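Asks: Below: one structure in structure tokens.
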Amino acid sequence: MARSTNARRPATLASLAAELGVSRTTVSNAYNRPDQLSPELRKRVLETARRLGYPGPDPVARSLRTRKAGAVGLLLTENLSYAFRDPGAVGFLEGLALACEDAGQGLLLIPASPEREDVASVHRAGVDGFVVYSVPEDDPHLAAVLERPVPVVVCDQPRLDNLDWVGPDDGKAIKSVADHLIGLGHRRIGVLCMRLARGRNDGPASVQRQANASFHVQKARLTALAEVFSEAGVDWTKVPVVERFDHTTASGATAAAQLLEIDPEITAIVCTSDILALGALSEARNRGLRVPEDLTITGFDGIPDAERAGLTTVRQPWLEKGRAAGRLLLEASEPGRPRHIQLETQLITGATSAPPRSAEERWFGP
């Protein structure tokens, strides 16, 4: 069938202006600066645009002209689905989105899979700045971000002196957990931690691996635990630390099983996240262990599921963390004077911690 030669061309900004008898600036303002027009005139422009099939100004052309994308880039150190699956990430994302809403900015999620080094997504991201969410210091995506001539705010890790940063004092926060356990009388402990480096390791983490960790948050938490327990007379080199690359409750369960195989006589499991702790709780119950009578389990983060489970944990302000990161990025700053916002945390003493069982008490393990 022959194509019709009478098909109407799509309307343009110029043809729409001519139809309305107004300037092209007036049409542009109807979309980009509505406060410059009366409500009646803007309504007439938009209604005529719909009737003529005018789609609005080309956002690509506009960004080239203004050199502004109107969006903030969020660099994640995980696959994209993690932002919607992990409770802590969800809370942070909500806070960041609220800050972007307040500033009239969009939000672009840029996943940085820990097992891939393709940084093309960073290079092609049309954003006016980046919030970097918890990546290791040697991450190639972070290096690519720092090559871009745009503002950058780091959340949690890595903590770099020349960049704006938001996060809690992880060492101080987890020391409150360690002091709580020492006060209860625990000396035989095991630790479950999140990944320490970009290379996958699902198993025991040696003292050397702990010291060389490129994920600063995990390194800070383990270092603080080592300091407190060493001061209490515990030889940290003999404390079993089990690492998991994937941050899931299933990983926490298998890590707890591995830990209890290494040392069945531990009286407390310290987890560097609530997700791992919830998995450890599940494994303990599957083994017929009473928590906290037979085994104390603690977490870190204060996510809703942990609090519903009565977990002893550290609560950090996820929503405020996201808001603060967004505000830092979107507010003007003085060049060469990086800003650091340290967020407060709170120890939540729940139902999963108690003094260790005595030698006379029955052991309910396998």
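Each chain in the structure tokens gets a letter, A, B and so on, in the order shown; residues start at 1 in every chain, and ligands are counted from 1 in the order they appear.
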Would you mind listing what lies within 12 Å of Thr223 in chain A as JSON, numbers by chain, with only C-alpha atoms counted and same-chain residues fewer than 2 positions away left out?

Replies: {"A": [170, 171, 172, 173, 174, 175, 178, 191, 193, 207, 208, 209, 210, 211, 212, 213, 216, 217, 218, 219, 220, 221, 225, 226, 227, 228, 229, 230, 236, 237, 241, 272]}

Asks: For the residues in the current selection, export N, CA and C atoms as a CSV table (one decimal), in the first residue's frame.

Replies:
```
chain,number,residue,atom,x,y,z
A,170,ASP,N,30.9,3.9,62.6
A,170,ASP,CA,30.7,2.5,62.7
A,170,ASP,C,31.4,1.8,63.8
A,171,GLY,N,32.7,2.2,64.1
A,171,GLY,CA,33.5,1.7,65.2
A,171,GLY,C,32.8,1.9,66.5
A,172,LYS,N,32.5,3.2,66.7
A,172,LYS,CA,31.8,3.6,68.0
A,172,LYS,C,30.5,2.8,68.2
A,173,ALA,N,29.7,2.7,67.1
A,173,ALA,CA,28.4,2.1,67.2
A,173,ALA,C,28.5,0.6,67.6
A,174,ILE,N,29.4,-0.1,66.9
A,174,ILE,CA,29.5,-1.5,67.2
A,174,ILE,C,30.2,-1.8,68.6
A,175,LYS,N,31.0,-0.8,69.0
A,175,LYS,CA,31.6,-1.0,70.4
A,175,LYS,C,30.5,-1.0,71.4
A,178,ALA,N,29.6,-4.6,71.6
A,178,ALA,CA,30.6,-5.4,72.3
A,178,ALA,C,30.6,-5.1,73.8
A,191,VAL,N,31.8,-14.3,64.9
A,191,VAL,CA,31.4,-13.1,64.1
A,191,VAL,C,31.0,-13.5,62.7
A,193,CYS,N,30.3,-11.5,59.1
A,193,CYS,CA,30.4,-10.2,58.5
A,193,CYS,C,30.1,-10.3,57.0
A,207,VAL,N,42.7,-12.9,60.0
A,207,VAL,CA,43.0,-11.6,60.6
A,207,VAL,C,43.7,-10.7,59.5
A,208,GLN,N,44.5,-11.3,58.7
A,208,GLN,CA,45.1,-10.5,57.6
A,208,GLN,C,44.1,-10.0,56.6
A,209,ARG,N,43.1,-10.9,56.3
A,209,ARG,CA,42.0,-10.4,55.3
A,209,ARG,C,41.2,-9.3,56.0
A,210,GLN,N,41.0,-9.4,57.3
A,210,GLN,CA,40.2,-8.3,58.0
A,210,GLN,C,41.0,-7.0,57.9
A,211,ALA,N,42.3,-7.1,58.1
A,211,ALA,CA,43.2,-5.9,58.1
A,211,ALA,C,43.3,-5.3,56.8
A,212,ASN,N,43.2,-6.1,55.7
A,212,ASN,CA,43.3,-5.6,54.3
A,212,ASN,C,42.0,-5.3,53.7
A,213,ALA,N,40.9,-5.3,54.4
A,213,ALA,CA,39.6,-5.1,53.8
A,213,ALA,C,39.5,-3.8,53.1
A,216,HIS,N,35.4,-0.2,54.0
A,216,HIS,CA,35.8,0.4,55.2
A,216,HIS,C,34.8,0.2,56.3
A,217,VAL,N,33.5,0.1,56.0
A,217,VAL,CA,32.5,-0.1,57.1
A,217,VAL,C,32.8,-1.4,57.8
A,218,GLN,N,32.9,-2.5,57.1
A,218,GLN,CA,33.1,-3.8,57.7
A,218,GLN,C,34.5,-3.8,58.4
A,219,LYS,N,35.5,-3.2,57.8
A,219,LYS,CA,36.8,-3.1,58.5
A,219,LYS,C,36.7,-2.4,59.8
A,220,ALA,N,36.0,-1.3,59.8
A,220,ALA,CA,35.9,-0.5,61.1
A,220,ALA,C,35.1,-1.3,62.1
A,221,ARG,N,34.1,-2.0,61.8
A,221,ARG,CA,33.3,-2.8,62.7
A,221,ARG,C,34.1,-3.9,63.3
A,225,LEU,N,35.4,-4.3,67.2
A,225,LEU,CA,35.1,-5.5,68.0
A,225,LEU,C,36.4,-6.1,68.6
A,226,ALA,N,37.5,-6.2,67.7
A,226,ALA,CA,38.7,-6.7,68.2
A,226,ALA,C,39.3,-5.9,69.3
A,227,GLU,N,39.2,-4.6,69.3
A,227,GLU,CA,39.7,-3.8,70.4
A,227,GLU,C,39.0,-4.0,71.7
A,228,VAL,N,37.7,-4.1,71.7
A,228,VAL,CA,36.9,-4.2,72.9
A,228,VAL,C,37.2,-5.6,73.5
A,229,PHE,N,37.1,-6.7,72.7
A,229,PHE,CA,37.3,-8.0,73.2
A,229,PHE,C,38.7,-8.3,73.6
A,230,SER,N,39.7,-7.7,72.9
A,230,SER,CA,41.1,-7.9,73.3
A,230,SER,C,41.3,-7.3,74.7
A,236,TRP,N,41.9,-12.2,69.9
A,236,TRP,CA,41.1,-12.0,68.7
A,236,TRP,C,41.5,-13.0,67.6
A,237,THR,N,42.8,-13.4,67.6
A,237,THR,CA,43.3,-14.3,66.5
A,237,THR,C,42.6,-15.6,66.6
A,241,VAL,N,35.8,-15.7,62.5
A,241,VAL,CA,35.0,-14.6,61.7
A,241,VAL,C,34.7,-15.3,60.4
A,272,THR,N,27.5,-8.3,61.7
A,272,THR,CA,27.7,-6.9,61.3
A,272,THR,C,26.6,-6.3,60.5
```

Asks: Taking 5 positions as the minimum chain separation for residues in the same chain, which residues sit within 10 Å of range 43-56 of chain A when counting only C-alpha atoms? Answer as a PyMOL selection string.

Replies: chain A and resi 8-13+15-17+19-20+22+26-32+37-38

Asks: DSSP says strand (DSSP E) for which residues of range 33-161 of chain A? Put them as a ChimeraX atom specification?

Replies: /A:71-76,106-111,130-133,152-155

Asks: In range 33-203 of chain A, what's helix (DSSP H, G or I) per DSSP? Answer as a VMD selection string?

Replies: chain A and resid 34 to 36 39 to 52 59 to 66 82 to 85 87 to 102 120 to 123 140 to 147 170 to 184

Asks: Can you tell me, as JSON, numbers by chain, what residues are no more than 12 Å from Gly322 in chain A when counting only C-alpha atoms, ignoring any on the same chain fewer than 2 positions away?

Replies: {"A": [74, 88, 89, 90, 91, 92, 93, 94, 95, 96, 97, 98, 99, 100, 131, 132, 133, 153, 154, 155, 156, 165, 166, 167, 316, 317, 318, 319, 320, 324, 325, 326, 327, 328, 329, 341, 343]}

Asks: Report as a ChimeraX atom specification all protein, DNA and RNA residues lying within 12 Å of Arg287 in chain A, evaluated on only C-alpha atoms, omitting residues in the same chain fewer than 2 positions from it.

Replies: /A:253,256-257,260-261,264,280-285,289-291,294-295,363-366

Asks: Please write the residues from the selection above to a file, keeping all heavy atoms, as a short mmCIF file (atom, residue, chain, number, x, y, z; two decimals), in the first residue's frame.

Replies:
```cif
data_model
loop_
_atom_site.label_atom_id
_atom_site.label_comp_id
_atom_site.auth_asym_id
_atom_site.auth_seq_id
_atom_site.Cartn_x
_atom_site.Cartn_y
_atom_site.Cartn_z
N ALA A 253 22.25 -17.58 57.41
CA ALA A 253 21.98 -18.91 57.95
C ALA A 253 23.14 -19.87 57.69
O ALA A 253 23.59 -20.59 58.60
CB ALA A 253 20.69 -19.46 57.36
N ALA A 256 26.14 -18.89 59.83
CA ALA A 256 25.98 -19.31 61.23
C ALA A 256 26.25 -20.80 61.38
O ALA A 256 26.89 -21.23 62.35
CB ALA A 256 24.58 -18.96 61.72
N ALA A 257 25.77 -21.59 60.42
CA ALA A 257 26.03 -23.03 60.47
C ALA A 257 27.52 -23.31 60.39
O ALA A 257 28.06 -24.15 61.14
CB ALA A 257 25.30 -23.72 59.31
N LEU A 260 29.19 -22.36 63.72
CA LEU A 260 28.95 -23.33 64.79
C LEU A 260 29.68 -24.65 64.55
O LEU A 260 29.93 -25.41 65.50
CB LEU A 260 27.44 -23.57 64.94
CG LEU A 260 26.66 -22.37 65.50
CD1 LEU A 260 25.17 -22.57 65.35
CD2 LEU A 260 27.03 -22.13 66.96
N GLU A 261 30.00 -24.93 63.30
CA GLU A 261 30.84 -26.09 63.01
C GLU A 261 32.28 -25.83 63.47
O GLU A 261 32.96 -26.72 63.99
CB GLU A 261 30.83 -26.40 61.51
CG GLU A 261 29.50 -26.87 60.96
CD GLU A 261 29.12 -28.25 61.47
OE1 GLU A 261 30.03 -29.05 61.78
OE2 GLU A 261 27.90 -28.51 61.59
N PRO A 264 31.52 -25.05 68.23
CA PRO A 264 30.18 -25.31 68.77
C PRO A 264 29.96 -24.73 70.16
O PRO A 264 28.82 -24.66 70.62
CB PRO A 264 30.09 -26.84 68.81
CG PRO A 264 31.21 -27.33 67.95
CD PRO A 264 32.29 -26.29 68.04
N ALA A 280 21.01 -15.96 60.97
CA ALA A 280 21.59 -16.71 62.10
C ALA A 280 20.50 -17.16 63.07
O ALA A 280 20.56 -18.27 63.61
CB ALA A 280 22.63 -15.86 62.81
N LEU A 281 19.52 -16.30 63.33
CA LEU A 281 18.39 -16.67 64.19
C LEU A 281 17.66 -17.89 63.64
O LEU A 281 17.30 -18.82 64.37
CB LEU A 281 17.42 -15.50 64.32
CG LEU A 281 17.76 -14.40 65.32
CD1 LEU A 281 16.77 -13.24 65.17
CD2 LEU A 281 17.73 -14.94 66.75
N SER A 282 17.43 -17.88 62.34
CA SER A 282 16.75 -19.00 61.69
C SER A 282 17.54 -20.30 61.84
O SER A 282 16.98 -21.35 62.16
CB SER A 282 16.53 -18.67 60.21
OG SER A 282 15.96 -19.76 59.52
N GLU A 283 18.85 -20.21 61.62
CA GLU A 283 19.69 -21.40 61.75
C GLU A 283 19.71 -21.90 63.18
O GLU A 283 19.67 -23.13 63.43
CB GLU A 283 21.11 -21.08 61.27
CG GLU A 283 22.11 -22.22 61.44
CD GLU A 283 21.77 -23.45 60.62
OE1 GLU A 283 21.00 -23.33 59.63
OE2 GLU A 283 22.27 -24.54 60.96
N ALA A 284 19.78 -21.00 64.14
CA ALA A 284 19.78 -21.42 65.56
C ALA A 284 18.50 -22.17 65.90
O ALA A 284 18.54 -23.22 66.57
CB ALA A 284 19.94 -20.19 66.45
N ARG A 285 17.38 -21.65 65.44
CA ARG A 285 16.10 -22.33 65.73
C ARG A 285 16.02 -23.68 65.05
O ARG A 285 15.49 -24.64 65.61
CB ARG A 285 14.95 -21.42 65.30
CG ARG A 285 14.79 -20.21 66.22
CD ARG A 285 13.84 -19.18 65.66
NE ARG A 285 13.77 -18.01 66.54
CZ ARG A 285 13.61 -16.78 66.11
NH1 ARG A 285 13.50 -16.53 64.81
NH2 ARG A 285 13.55 -15.77 66.97
N LEU A 289 18.36 -24.59 69.11
CA LEU A 289 19.01 -23.73 70.09
C LEU A 289 18.04 -22.66 70.58
O LEU A 289 17.33 -22.06 69.78
CB LEU A 289 20.25 -23.06 69.49
CG LEU A 289 21.37 -23.97 69.02
CD1 LEU A 289 22.47 -23.15 68.37
CD2 LEU A 289 21.92 -24.79 70.17
N ARG A 290 18.06 -22.42 71.87
CA ARG A 290 17.24 -21.35 72.43
C ARG A 290 18.02 -20.04 72.37
O ARG A 290 19.17 -19.98 72.77
CB ARG A 290 16.87 -21.66 73.88
CG ARG A 290 16.10 -22.96 74.07
CD ARG A 290 16.02 -23.32 75.55
NE ARG A 290 17.36 -23.41 76.14
CZ ARG A 290 17.59 -23.52 77.46
NH1 ARG A 290 16.56 -23.51 78.31
NH2 ARG A 290 18.81 -23.62 77.91
N VAL A 291 17.36 -19.03 71.83
CA VAL A 291 17.96 -17.68 71.79
C VAL A 291 17.13 -16.79 72.70
O VAL A 291 15.92 -16.65 72.52
CB VAL A 291 17.94 -17.11 70.34
CG1 VAL A 291 18.48 -15.70 70.31
CG2 VAL A 291 18.73 -18.02 69.39
N ASP A 294 20.60 -20.29 75.05
CA ASP A 294 21.74 -21.08 74.61
C ASP A 294 22.73 -20.26 73.77
O ASP A 294 23.92 -20.56 73.76
CB ASP A 294 21.28 -22.26 73.75
CG ASP A 294 20.43 -23.24 74.54
OD1 ASP A 294 20.72 -23.45 75.72
OD2 ASP A 294 19.46 -23.78 73.96
N LEU A 295 22.21 -19.27 73.08
CA LEU A 295 23.04 -18.53 72.15
C LEU A 295 22.52 -17.10 72.00
O LEU A 295 21.35 -16.90 71.70
CB LEU A 295 23.04 -19.22 70.77
CG LEU A 295 23.95 -18.66 69.69
CD1 LEU A 295 25.42 -18.85 70.08
CD2 LEU A 295 23.67 -19.35 68.36
N TRP A 363 23.18 -28.37 77.24
CA TRP A 363 23.48 -27.84 75.91
C TRP A 363 22.48 -28.42 74.93
O TRP A 363 22.31 -29.62 74.78
CB TRP A 363 24.91 -28.24 75.51
CG TRP A 363 25.26 -27.98 74.07
CD1 TRP A 363 25.63 -28.89 73.14
CD2 TRP A 363 25.27 -26.71 73.41
NE1 TRP A 363 25.87 -28.28 71.96
CE2 TRP A 363 25.67 -26.93 72.10
CE3 TRP A 363 24.99 -25.40 73.82
CZ2 TRP A 363 25.78 -25.91 71.17
CZ3 TRP A 363 25.10 -24.39 72.89
CH2 TRP A 363 25.50 -24.65 71.58
N PHE A 364 21.77 -27.52 74.24
CA PHE A 364 20.70 -27.95 73.35
C PHE A 364 21.16 -28.09 71.90
O PHE A 364 20.34 -28.21 71.00
CB PHE A 364 19.52 -26.94 73.40
CG PHE A 364 18.67 -27.13 74.62
CD1 PHE A 364 19.09 -26.67 75.86
CD2 PHE A 364 17.45 -27.75 74.52
CE1 PHE A 364 18.29 -26.84 76.98
CE2 PHE A 364 16.65 -27.92 75.62
CZ PHE A 364 17.07 -27.46 76.86
N GLY A 365 22.44 -28.05 71.69
CA GLY A 365 22.95 -28.13 70.33
C GLY A 365 22.81 -29.50 69.74
O GLY A 365 22.36 -30.45 70.40
N PRO A 366 23.20 -29.67 68.48
CA PRO A 366 23.05 -30.96 67.80
C PRO A 366 23.98 -32.01 68.38
O PRO A 366 25.01 -31.71 68.96
CB PRO A 366 23.44 -30.62 66.35
CG PRO A 366 24.33 -29.42 66.45
CD PRO A 366 23.83 -28.66 67.62
#
```

Asks: For CA of Glu334 in chain A and CA of Lys321 in chain A, quote the distance in Å rounded to one decimal.

Replies: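 We find that CA of Glu334 in chain A and CA of Lys321 in chain A lie 21.3 Å from each other.
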
Asks: Quick check, in Å to one decimal: how far apart do CA of Asp301 in chain A and CA of Leu163 in chain A lie?

Replies: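 Taking CA of Asp301 in chain A and CA of Leu163 in chain A, their separation equals 24.1 Å.
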
Asks: Could you tell me how far CA of Thr296 in chain A lies from CA of Ser353 in chain A, in Å and to one decimal?

Replies: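 These atoms are spaced 4.6 Å apart.
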